[in-house]
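What follows is the content of protein.cif (mmCIF, C-alpha atoms).
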data_start
#
loop_
_atom_site.label_atom_id
_atom_site.label_comp_id
_atom_site.auth_asym_id
_atom_site.auth_seq_id
_atom_site.Cartn_x
_atom_site.Cartn_y
_atom_site.Cartn_z
CA MET A 1 -119.22 0.23 113.32
CA THR A 2 -118.43 -3.45 113.63
CA GLY A 3 -117.59 -5.93 110.92
CA ASP A 4 -116.62 -5.38 107.30
CA TRP A 5 -117.38 -1.82 106.11
CA LYS A 6 -117.58 -3.03 102.50
CA LYS A 7 -120.46 -5.32 103.40
CA GLN A 8 -122.12 -2.55 105.43
CA TYR A 9 -121.75 -0.16 102.49
CA LEU A 10 -123.31 -2.65 100.05
CA ASN A 11 -126.14 -3.34 102.48
CA THR A 12 -126.83 0.40 102.67
CA LEU A 13 -127.01 0.49 98.86
CA ASN A 14 -129.12 -2.69 98.83
CA LEU A 15 -126.58 -4.39 96.57
CA GLN A 16 -124.67 -7.67 96.52
CA ASP A 17 -120.94 -8.17 95.99
CA GLU A 18 -120.38 -9.00 92.31
CA THR A 19 -117.51 -9.38 89.89
CA PRO A 20 -116.45 -5.97 88.49
CA SER A 21 -118.25 -5.16 85.22
CA ARG A 22 -119.72 -2.12 83.48
CA ARG A 23 -123.22 -3.32 84.38
CA TYR A 24 -122.31 -3.65 88.06
CA LEU A 25 -120.61 -0.24 88.04
CA LYS A 26 -123.80 1.32 86.65
CA LYS A 27 -125.86 -0.34 89.39
CA ILE A 28 -123.50 1.01 92.06
CA ILE A 29 -123.59 4.59 90.71
CA ARG A 30 -127.38 4.68 90.51
CA ALA A 31 -127.78 3.17 93.97
CA HIS A 32 -125.29 5.68 95.38
CA VAL A 33 -127.03 8.68 93.82
CA ARG A 34 -130.41 7.41 95.02
CA THR A 35 -129.20 6.66 98.57
CA PHE A 36 -126.86 9.48 99.56
CA PRO A 37 -128.02 13.10 99.19
CA PHE A 38 -125.82 15.89 97.96
CA GLU A 39 -126.00 18.18 101.00
CA ASN A 40 -123.88 20.64 102.96
CA VAL A 41 -125.69 20.29 106.29
CA SER A 42 -123.13 17.73 107.46
CA LYS A 43 -120.31 19.95 106.14
CA LEU A 44 -121.48 22.91 108.25
CA LEU A 45 -121.53 20.70 111.34
CA ILE A 46 -118.12 19.19 110.56
CA ALA A 47 -116.66 22.69 110.17
CA GLU A 48 -117.74 23.51 113.71
CA THR A 49 -116.52 20.21 115.14
CA TYR A 50 -113.09 20.45 113.52
CA ASP A 51 -112.78 24.23 113.90
CA GLY A 52 -112.18 24.90 110.22
CA SER A 53 -109.79 22.02 109.55
CA ALA A 54 -110.32 19.73 106.57
CA PRO A 55 -110.87 16.11 107.52
CA ILE A 56 -110.67 13.59 104.69
CA THR A 57 -113.93 11.66 104.84
CA ASN A 58 -113.70 8.36 106.67
CA VAL A 59 -115.91 5.69 105.11
CA GLU A 60 -117.09 4.25 108.41
CA LYS A 61 -118.04 7.68 109.78
CA PHE A 62 -119.71 8.50 106.45
CA LEU A 63 -121.93 5.43 106.75
CA GLU A 64 -122.65 5.89 110.45
CA SER A 65 -123.66 9.51 109.88
CA HIS A 66 -125.98 8.47 107.06
CA TRP A 67 -127.66 5.78 109.16
CA GLU A 68 -128.25 8.19 112.04
CA TYR A 69 -128.90 11.49 110.26
CA HIS A 70 -129.66 10.67 106.57
CA THR A 71 -126.56 12.62 105.53
CA GLY A 72 -124.46 12.27 102.38
CA GLY A 73 -122.12 15.15 101.63
CA THR A 74 -120.67 17.27 98.87
CA CYS A 75 -118.52 15.94 96.04
CA PHE A 76 -115.39 15.28 98.14
CA ALA A 77 -117.25 13.10 100.63
CA LEU A 78 -119.48 11.33 98.11
CA ASN A 79 -116.85 10.55 95.48
CA SER A 80 -114.00 9.73 97.86
CA CYS A 81 -116.17 7.16 99.66
CA LEU A 82 -117.53 5.77 96.40
CA TYR A 83 -113.96 5.44 95.11
CA GLN A 84 -112.91 3.51 98.22
CA LEU A 85 -115.89 1.18 97.82
CA LEU A 86 -115.09 0.53 94.16
CA CYS A 87 -111.48 -0.29 95.01
CA ALA A 88 -112.63 -2.65 97.77
CA LEU A 89 -114.89 -4.39 95.23
CA GLY A 90 -111.99 -5.02 92.85
CA PHE A 91 -112.36 -2.13 90.41
CA GLU A 92 -109.14 -0.36 89.42
CA GLY A 93 -108.85 3.39 89.07
CA TYR A 94 -107.88 6.73 90.58
CA LEU A 95 -109.21 10.18 91.35
CA ILE A 96 -109.03 13.30 89.18
CA ARG A 97 -109.82 16.99 89.74
CA PRO A 98 -111.91 18.17 86.76
CA GLY A 99 -112.77 21.53 88.39
CA GLU A 100 -111.11 23.78 90.97
CA GLU A 101 -113.33 22.44 93.75
CA HIS A 102 -114.45 19.10 92.39
CA MET A 103 -113.44 15.46 92.60
CA ALA A 104 -114.36 12.68 90.16
CA VAL A 105 -113.35 9.05 89.70
CA ILE A 106 -111.69 7.35 86.75
CA ILE A 107 -112.24 3.59 86.55
CA LYS A 108 -110.39 1.27 84.19
CA ASP A 109 -113.01 -0.49 82.10
CA PRO A 110 -113.10 -4.07 83.48
CA GLU A 111 -114.33 -5.38 80.12
CA SER A 112 -112.09 -3.46 77.70
CA ASP A 113 -108.35 -3.17 78.24
CA GLY A 114 -107.06 0.38 78.03
CA ASN A 115 -110.42 2.19 78.09
CA LEU A 116 -111.36 4.56 80.90
CA LEU A 117 -114.72 5.34 82.49
CA TYR A 118 -115.64 8.65 84.17
CA VAL A 119 -117.66 8.21 87.39
CA ASP A 120 -119.21 11.04 89.39
CA ALA A 121 -121.80 10.70 92.18
CA GLY A 122 -121.12 14.20 93.50
CA THR A 123 -122.72 16.47 90.94
CA THR A 124 -126.14 17.03 89.45
CA ALA A 125 -128.02 14.92 86.90
CA PRO A 126 -127.69 13.37 84.43
CA LEU A 127 -124.47 11.58 85.49
CA PHE A 128 -126.14 8.32 86.50
CA ASP A 129 -123.89 6.04 84.46
CA PRO A 130 -120.15 5.53 83.86
CA ILE A 131 -119.06 7.70 80.92
CA PRO A 132 -116.64 6.04 78.46
CA PHE A 133 -113.68 8.00 77.12
CA TYR A 134 -112.77 6.82 73.63
CA GLY A 135 -111.29 10.07 72.33
CA ARG A 136 -114.60 11.17 70.82
CA ARG A 137 -117.24 13.76 71.70
CA HIS A 138 -119.66 12.35 74.24
CA SER A 139 -123.11 13.83 74.85
CA ILE A 140 -125.05 12.61 77.89
CA PRO A 141 -128.80 12.19 77.30
CA PRO A 142 -130.67 15.11 78.92
CA PHE A 143 -132.36 14.79 82.28
CA ALA A 144 -134.60 17.43 83.86
CA GLY A 145 -133.78 19.80 81.02
CA GLU A 146 -130.01 19.58 81.48
CA ARG A 147 -127.37 17.77 79.45
CA LEU A 148 -123.63 17.30 79.61
CA LEU A 149 -121.02 17.37 76.89
CA PHE A 150 -117.51 15.94 77.09
CA LEU A 151 -115.54 17.48 74.23
CA PRO A 152 -112.09 16.04 73.36
CA GLU A 153 -109.27 18.57 72.99
CA LYS A 154 -106.21 18.26 70.73
CA GLU A 155 -104.08 16.76 73.47
CA LYS A 156 -104.80 13.06 73.96
CA GLY A 157 -106.89 12.37 77.05
CA VAL A 158 -107.89 16.01 77.59
CA TYR A 159 -111.60 16.85 77.66
CA THR A 160 -113.79 19.88 78.33
CA TYR A 161 -116.87 19.28 80.44
CA ILE A 162 -119.84 21.54 79.65
CA ARG A 163 -123.25 21.63 81.35
CA MET A 164 -126.14 23.05 79.33
CA ARG A 165 -129.81 23.86 79.73
CA GLY A 166 -131.38 24.22 76.32
CA GLN A 167 -128.75 26.03 74.25
CA HIS A 168 -127.22 27.86 77.21
CA ILE A 169 -124.12 26.94 79.20
CA ILE A 170 -125.17 27.10 82.86
CA ASP A 171 -121.95 26.36 84.72
CA LYS A 172 -118.21 26.80 84.46
CA LYS A 173 -116.44 24.78 81.79
CA TRP A 174 -114.01 22.23 83.20
CA THR A 175 -111.00 21.19 81.15
CA PHE A 176 -109.09 18.21 82.49
CA SER A 177 -106.93 15.24 81.58
CA VAL A 178 -108.21 11.76 82.34
CA HIS A 179 -104.58 10.77 83.00
CA ASP A 180 -103.90 13.27 85.84
CA ALA A 181 -104.22 10.64 88.56
CA MET A 182 -104.55 11.79 92.16
CA SER A 183 -104.94 10.09 95.53
CA ILE A 184 -107.32 11.05 98.31
CA GLU A 185 -104.43 12.61 100.23
CA ASP A 186 -103.58 14.80 97.22
CA PHE A 187 -106.94 16.53 97.64
CA LYS A 188 -106.24 17.91 101.11
CA PRO A 189 -105.48 21.49 99.95
CA TRP A 190 -108.76 21.71 98.01
CA VAL A 191 -110.77 20.10 100.78
CA THR A 192 -109.26 22.65 103.15
CA SER A 193 -110.34 25.52 100.91
CA THR A 194 -113.98 24.37 101.03
CA PHE A 195 -113.99 24.74 104.83
CA GLN A 196 -112.84 28.37 104.81
CA SER A 197 -115.35 30.89 106.16
CA ASN A 198 -115.91 32.45 102.73
CA ALA A 199 -116.34 29.13 100.87
CA VAL A 200 -119.63 28.64 99.03
CA PHE A 201 -120.94 25.76 101.12
CA MET A 202 -120.10 27.55 104.37
CA ASN A 203 -122.62 30.27 103.52
CA MET A 204 -125.73 28.54 102.26
CA LEU A 205 -128.07 25.60 102.79
CA ARG A 206 -128.08 22.95 100.08
CA CYS A 207 -129.75 19.58 99.72
CA GLN A 208 -130.38 17.56 96.58
CA VAL A 209 -131.65 14.05 95.92
CA TRP A 210 -131.99 12.36 92.52
CA GLN A 211 -134.28 9.45 91.79
CA PRO A 212 -133.11 8.12 88.38
CA GLU A 213 -135.69 5.35 88.18
CA LYS A 214 -138.52 7.84 88.78
CA ARG A 215 -136.84 10.42 86.53
CA LYS A 216 -137.26 12.94 89.31
CA GLY A 217 -135.04 15.22 91.37
CA LEU A 218 -135.59 17.25 94.55
CA SER A 219 -133.49 20.35 95.18
CA LEU A 220 -133.30 22.79 98.09
CA THR A 221 -131.14 25.91 97.86
CA ASN A 222 -131.64 28.08 100.93
CA LYS A 223 -135.42 28.72 100.91
CA ARG A 224 -135.98 27.72 97.26
CA PHE A 225 -137.42 24.22 96.85
CA SER A 226 -137.64 22.71 93.36
CA VAL A 227 -138.98 19.47 91.95
CA ARG A 228 -137.47 18.52 88.58
CA ASN A 229 -138.96 15.91 86.27
CA GLY A 230 -136.97 14.00 83.70
CA ASN A 231 -138.74 15.79 80.84
CA GLY A 232 -137.40 19.15 82.01
CA ALA A 233 -140.47 20.43 83.87
CA ILE A 234 -139.57 22.32 87.07
CA LEU A 235 -141.89 23.26 89.94
CA THR A 236 -140.35 25.83 92.30
CA LYS A 237 -141.64 27.04 95.66
CA HIS A 238 -140.14 29.70 97.96
CA LEU A 239 -140.46 28.55 101.56
CA PRO A 240 -141.59 31.30 103.97
CA ASP A 241 -139.98 30.11 107.21
CA LYS A 242 -138.04 27.40 109.02
CA ASP A 243 -141.15 25.33 109.77
CA ALA A 244 -141.99 25.14 106.06
CA LEU A 245 -138.40 24.16 105.26
CA LEU A 246 -138.37 21.42 107.90
CA GLU A 247 -141.66 20.12 106.55
CA VAL A 248 -140.14 19.80 103.06
CA ILE A 249 -137.10 17.95 104.44
CA HIS A 250 -139.38 15.60 106.38
CA ASP A 251 -142.18 15.00 103.86
CA GLU A 252 -140.61 15.51 100.44
CA PHE A 253 -137.00 14.43 101.00
CA GLN A 254 -138.06 11.93 103.68
CA MET A 255 -134.97 12.79 105.73
CA PRO A 256 -136.46 13.69 109.13
CA SER A 257 -133.18 13.17 111.00
CA LEU A 258 -131.09 15.52 108.84
CA PRO A 259 -129.86 18.16 111.36
CA VAL A 260 -131.16 21.12 109.39
CA THR A 261 -132.10 23.13 112.49
CA LYS A 262 -128.46 23.06 113.66
CA ALA A 263 -127.26 24.07 110.19
CA ILE A 264 -129.66 27.02 110.09
CA HIS A 265 -128.42 28.09 113.53
CA ILE A 266 -124.80 27.97 112.33
CA LEU A 267 -125.69 30.15 109.36
CA GLU A 268 -127.62 32.59 111.58
CA GLN A 269 -124.54 32.96 113.79
CA LYS A 270 -122.69 34.07 110.64
CA GLY A 271 -125.37 36.65 109.94
CA ILE A 272 -127.07 34.66 107.18
CA ASP A 273 -130.88 34.75 107.28
CA LEU A 274 -132.26 32.22 104.81
CA PHE A 275 -135.72 33.74 105.00
CA GLU A 276 -134.85 37.40 104.75
CA LYS A 277 -137.44 39.26 102.69
#

How does the structure come out when it is put into structure tokens?
Amino acid sequence: MTGDWKKQYLNTLNLQDETPSRRYLKKIIRAHVRTFPFENVSKLLIAETYDGSAPITNVEKFLESHWEYHTGGTCFALNSCLYQLLCALGFEGYLIRPGEEHMAVIIKDPESDGNLLYVDAGTTAPLFDPIPFYGRRHSIPPFAGERLLFLPEKEKGVYTYIRMRGQHIIDKKWTFSVHDAMSIEDFKPWVTSTFQSNAVFMNMLRCQVWQPEKRKGLSLTNKRFSVRNGNGAILTKHLPDKDALLEVIHDEFQMPSLPVTKAIHILEQKGIDLFEK
């Protein structure tokens, strides 16, 4: 890559350089979610290239890979690169670890001294906006049948993150402090753990794209393809073979260059058959 990576990043997001503000932060998050898929195809290939080591994502390589292969990454890649972009644009903040294998971003509200905003482009909907922490319960409006709750605990700055579908909790609860600041380098042990042979994303195929403006989401988990609408309706199809899966990646996700065939081969070498009856 030549030139200023910040400018290249903004061009990829189809955004201009602006003065830090909540409105601009919201535009960046939505553009990032819309542009970069949550996928582990690139992670499977990186694991082979680096022989199980845990490279911290380099912004320039992240962008180059996206331009050539339509890749994005999992939460560590997506949020670490987003964080570096925000810092380059003049936002102030730091990283936190709300879950055992998750990374999120805390940004100091540029329009309100002392207030903090939770930013996360590496998880599922409906986190399309910066979430303010004012010491009160915060409920995120539902999207595709799911909603998030941030519940304040007794200790100042400590929250519990809960994901729900209807009245049911559908994921692990995360309890974290918004003041436990971390750097990218601090995450190396947890990044390393996600490259181990038994790690979740080393043993499956995952791709997800959200389209906030269309209130629509596409999700592929192994051979299960789902289309989620903002009102909660879900259409699910089980793909019979590799050709059907590649067709979905090409036609539905519109990511023809994503190296899915290589990822499937890597999984097959580990004895994982995505289409086993």

Exercise. Record the distance separating atom CA of Gln254 of chain A and atom CA of Lys242 of chain A, expressed in Å with one decimal.
Key: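 Spanning atom CA of Gln254 of chain A to atom CA of Lys242 of chain A is a straight-line distance of 16.4 Å.
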
Quiz item: Which is closer to Leu63 of chain A than all the others in A:Phe76, A:Tyr94, A:Tyr83, A:Tyr9, using only C-alpha atoms?
Solution: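 Among the listed residues, A:Tyr9 lies closest to Leu63 of chain A.
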
Self-check item: Residue members of the PyMOL selection byres ((chain A and resi 99) around 8) in the file shown, as a PyMOL selection string
Solution: chain A and resi 97-98+100-103+174-176

Quiz item: Using only C-alpha atoms, can you list as number ranges by chain the residues within 12 Å of (-119.0, 28.0, 102.7)?
Solution: A: 40-41, 43-48, 52, 74, 101, 191-206, 263, 266-267, 270, 272

Write a file of the selected residues as a compact mmCIF listing (two decimals), keeping the file's coordinate frame, keeping C-alpha atoms.
# COMPACT_ATOMS: atom_id res chain seq x y z
CA ASN A 40 -123.88 20.64 102.96
CA VAL A 41 -125.69 20.29 106.29
CA LYS A 43 -120.31 19.95 106.14
CA LEU A 44 -121.48 22.91 108.25
CA LEU A 45 -121.53 20.70 111.34
CA ILE A 46 -118.12 19.19 110.56
CA ALA A 47 -116.66 22.69 110.17
CA GLU A 48 -117.74 23.51 113.71
CA GLY A 52 -112.18 24.90 110.22
CA THR A 74 -120.67 17.27 98.87
CA GLU A 101 -113.33 22.44 93.75
CA VAL A 191 -110.77 20.10 100.78
CA THR A 192 -109.26 22.65 103.15
CA SER A 193 -110.34 25.52 100.91
CA THR A 194 -113.98 24.37 101.03
CA PHE A 195 -113.99 24.74 104.83
CA GLN A 196 -112.84 28.37 104.81
CA SER A 197 -115.35 30.89 106.16
CA ASN A 198 -115.91 32.45 102.73
CA ALA A 199 -116.34 29.13 100.87
CA VAL A 200 -119.63 28.64 99.03
CA PHE A 201 -120.94 25.76 101.12
CA MET A 202 -120.10 27.55 104.37
CA ASN A 203 -122.62 30.27 103.52
CA MET A 204 -125.73 28.54 102.26
CA LEU A 205 -128.07 25.60 102.79
CA ARG A 206 -128.08 22.95 100.08
CA ALA A 263 -127.26 24.07 110.19
CA ILE A 266 -124.80 27.97 112.33
CA LEU A 267 -125.69 30.15 109.36
CA LYS A 270 -122.69 34.07 110.64
CA ILE A 272 -127.07 34.66 107.18

Practice problem: Work out how far atom CA of Pro132 of chain A is from atom CA of Ser177 of chain A, in Å to one decimal. | Solution: 13.7 Å

Self-check item: Protein and nucleic acid residues near (-134.1, 25.2, 100.3) (cut-off 7 Å, only C-alpha atoms) as a list in words
Solution: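 Residues satisfying the cut-off, written out: Leu205, Arg206, Leu220, Thr221, Asn222, Lys223, Arg224, Phe225 and Leu245 of chain A.
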
Quiz item: Leaving out Thr12 of chain A and any residue of its chain fewer than 5 positions from it, which residues lie within 10 Å of it when counting only C-alpha atoms, given as a PyMOL selection string?
Solution: chain A and resi 6-7+31-32+35-36+63+66-67

Practice problem: Kindly give the distance, in Å, that separates atom CA of Ser21 of chain A and atom CA of Leu117 of chain A, rounded to a single decimal. | Solution: 11.4 Å

Exercise. Translate the PyMOL selection byres ((chain A and resi 134) around 8), as applied to the file shown, into an explicit residue set as an NGL selection string.
Key: :A and (115-116 or 132-133 or 135-136)

Exercise. Could you check which of A:Pro152, A:Gly217, A:Gly90, A:Pro110 is closest to Phe38 of chain A, using only C-alpha atoms?
Key: A:Gly217

Quiz prompt | Pick from A:Glu252, A:Asp109, A:Glu68, A:Glu276, whichever lies nearest to Pro240 of chain A using all atoms listed in the file | solution = A:Glu276

Quiz item: Taking into account only C-alpha atoms, which residue in the set A:Gly166, A:Pro141, A:Gly93, A:Pro37 is nearest to Thr71 of chain A?
Solution: A:Pro37

Quiz item: For this file, the PyMOL selection byres ((chain A and resi 235) around 12) selects which residues, as a PyMOL selection string?
Solution: chain A and resi 144+216-220+224-229+232-234+236-238

Give me, as a PDB file with C-alpha atoms, keeping the file's coordinate frame, all polymer residues having an atom no more than 8 Å from Leu246 of chain A, counting only C-alpha atoms and skipping those fewer than 4 positions away in the same chain.
ATOM      1  CA  LYS A 242    -138.040  27.400 109.020  1.00  0.00           C
ATOM      2  CA  HIS A 250    -139.380  15.600 106.380  1.00  0.00           C
ATOM      3  CA  VAL A 260    -131.160  21.120 109.390  1.00  0.00           C
ATOM      4  CA  THR A 261    -132.100  23.130 112.490  1.00  0.00           C
TER       5      THR A 261
END

Quiz item: A:His179, A:Thr19, A:Leu78, A:Ile162: which is nearest Gly114 of chain A, counting all atoms listed in the file?
Solution: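 Nearest to Gly114 of chain A: A:His179.
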
Quiz item: Quick one: residues within 8 Å of Tyr69 of chain A, only C-alpha atoms counted, chain neighbours fewer than 6 positions away excluded, as a PyMOL selection string?
Solution: chain A and resi 255-259

Could you add the missing atoms to segment 79-91 of chain A, up to N, CA, C and O atoms, and return them as a tab-separated table (two decimals), in the coordinates of the input?
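As a result, out.tsv now contains:
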chain	number	residue	atom	x	y	z
A	79	ASN	N	-117.70	11.25	96.46
A	79	ASN	CA	-116.85	10.55	95.48
A	79	ASN	C	-115.65	9.87	96.12
A	79	ASN	O	-115.21	8.83	95.63
A	80	SER	N	-115.12	10.42	97.21
A	80	SER	CA	-114.00	9.73	97.86
A	80	SER	C	-114.46	8.42	98.48
A	80	SER	O	-113.76	7.40	98.41
A	81	CYS	N	-115.65	8.40	99.07
A	81	CYS	CA	-116.17	7.16	99.66
A	81	CYS	C	-116.57	6.16	98.58
A	81	CYS	O	-116.31	4.96	98.71
A	82	LEU	N	-117.20	6.66	97.52
A	82	LEU	CA	-117.53	5.77	96.40
A	82	LEU	C	-116.28	5.15	95.82
A	82	LEU	O	-116.25	3.94	95.52
A	83	TYR	N	-115.23	5.94	95.65
A	83	TYR	CA	-113.96	5.44	95.11
A	83	TYR	C	-113.40	4.32	95.99
A	83	TYR	O	-112.96	3.27	95.50
A	84	GLN	N	-113.43	4.53	97.31
A	84	GLN	CA	-112.91	3.51	98.22
A	84	GLN	C	-113.73	2.23	98.14
A	84	GLN	O	-113.19	1.12	98.22
A	85	LEU	N	-115.05	2.38	97.98
A	85	LEU	CA	-115.89	1.18	97.82
A	85	LEU	C	-115.54	0.44	96.54
A	85	LEU	O	-115.39	-0.79	96.54
A	86	LEU	N	-115.40	1.18	95.43
A	86	LEU	CA	-115.09	0.53	94.16
A	86	LEU	C	-113.76	-0.22	94.23
A	86	LEU	O	-113.65	-1.34	93.71
A	87	CYS	N	-112.78	0.39	94.85
A	87	CYS	CA	-111.48	-0.29	95.01
A	87	CYS	C	-111.63	-1.56	95.84
A	87	CYS	O	-111.04	-2.60	95.52
A	88	ALA	N	-112.42	-1.48	96.91
A	88	ALA	CA	-112.63	-2.65	97.77
A	88	ALA	C	-113.35	-3.76	97.03
A	88	ALA	O	-113.20	-4.94	97.37
A	89	LEU	N	-114.14	-3.40	96.00
A	89	LEU	CA	-114.89	-4.39	95.23
A	89	LEU	C	-114.07	-4.96	94.06
A	89	LEU	O	-114.57	-5.81	93.33
A	90	GLY	N	-112.85	-4.47	93.89
A	90	GLY	CA	-111.99	-5.02	92.85
A	90	GLY	C	-111.87	-4.19	91.59
A	90	GLY	O	-111.17	-4.58	90.65
A	91	PHE	N	-112.54	-3.03	91.54
A	91	PHE	CA	-112.36	-2.13	90.41
A	91	PHE	C	-110.99	-1.44	90.54
A	91	PHE	O	-110.50	-1.23	91.65
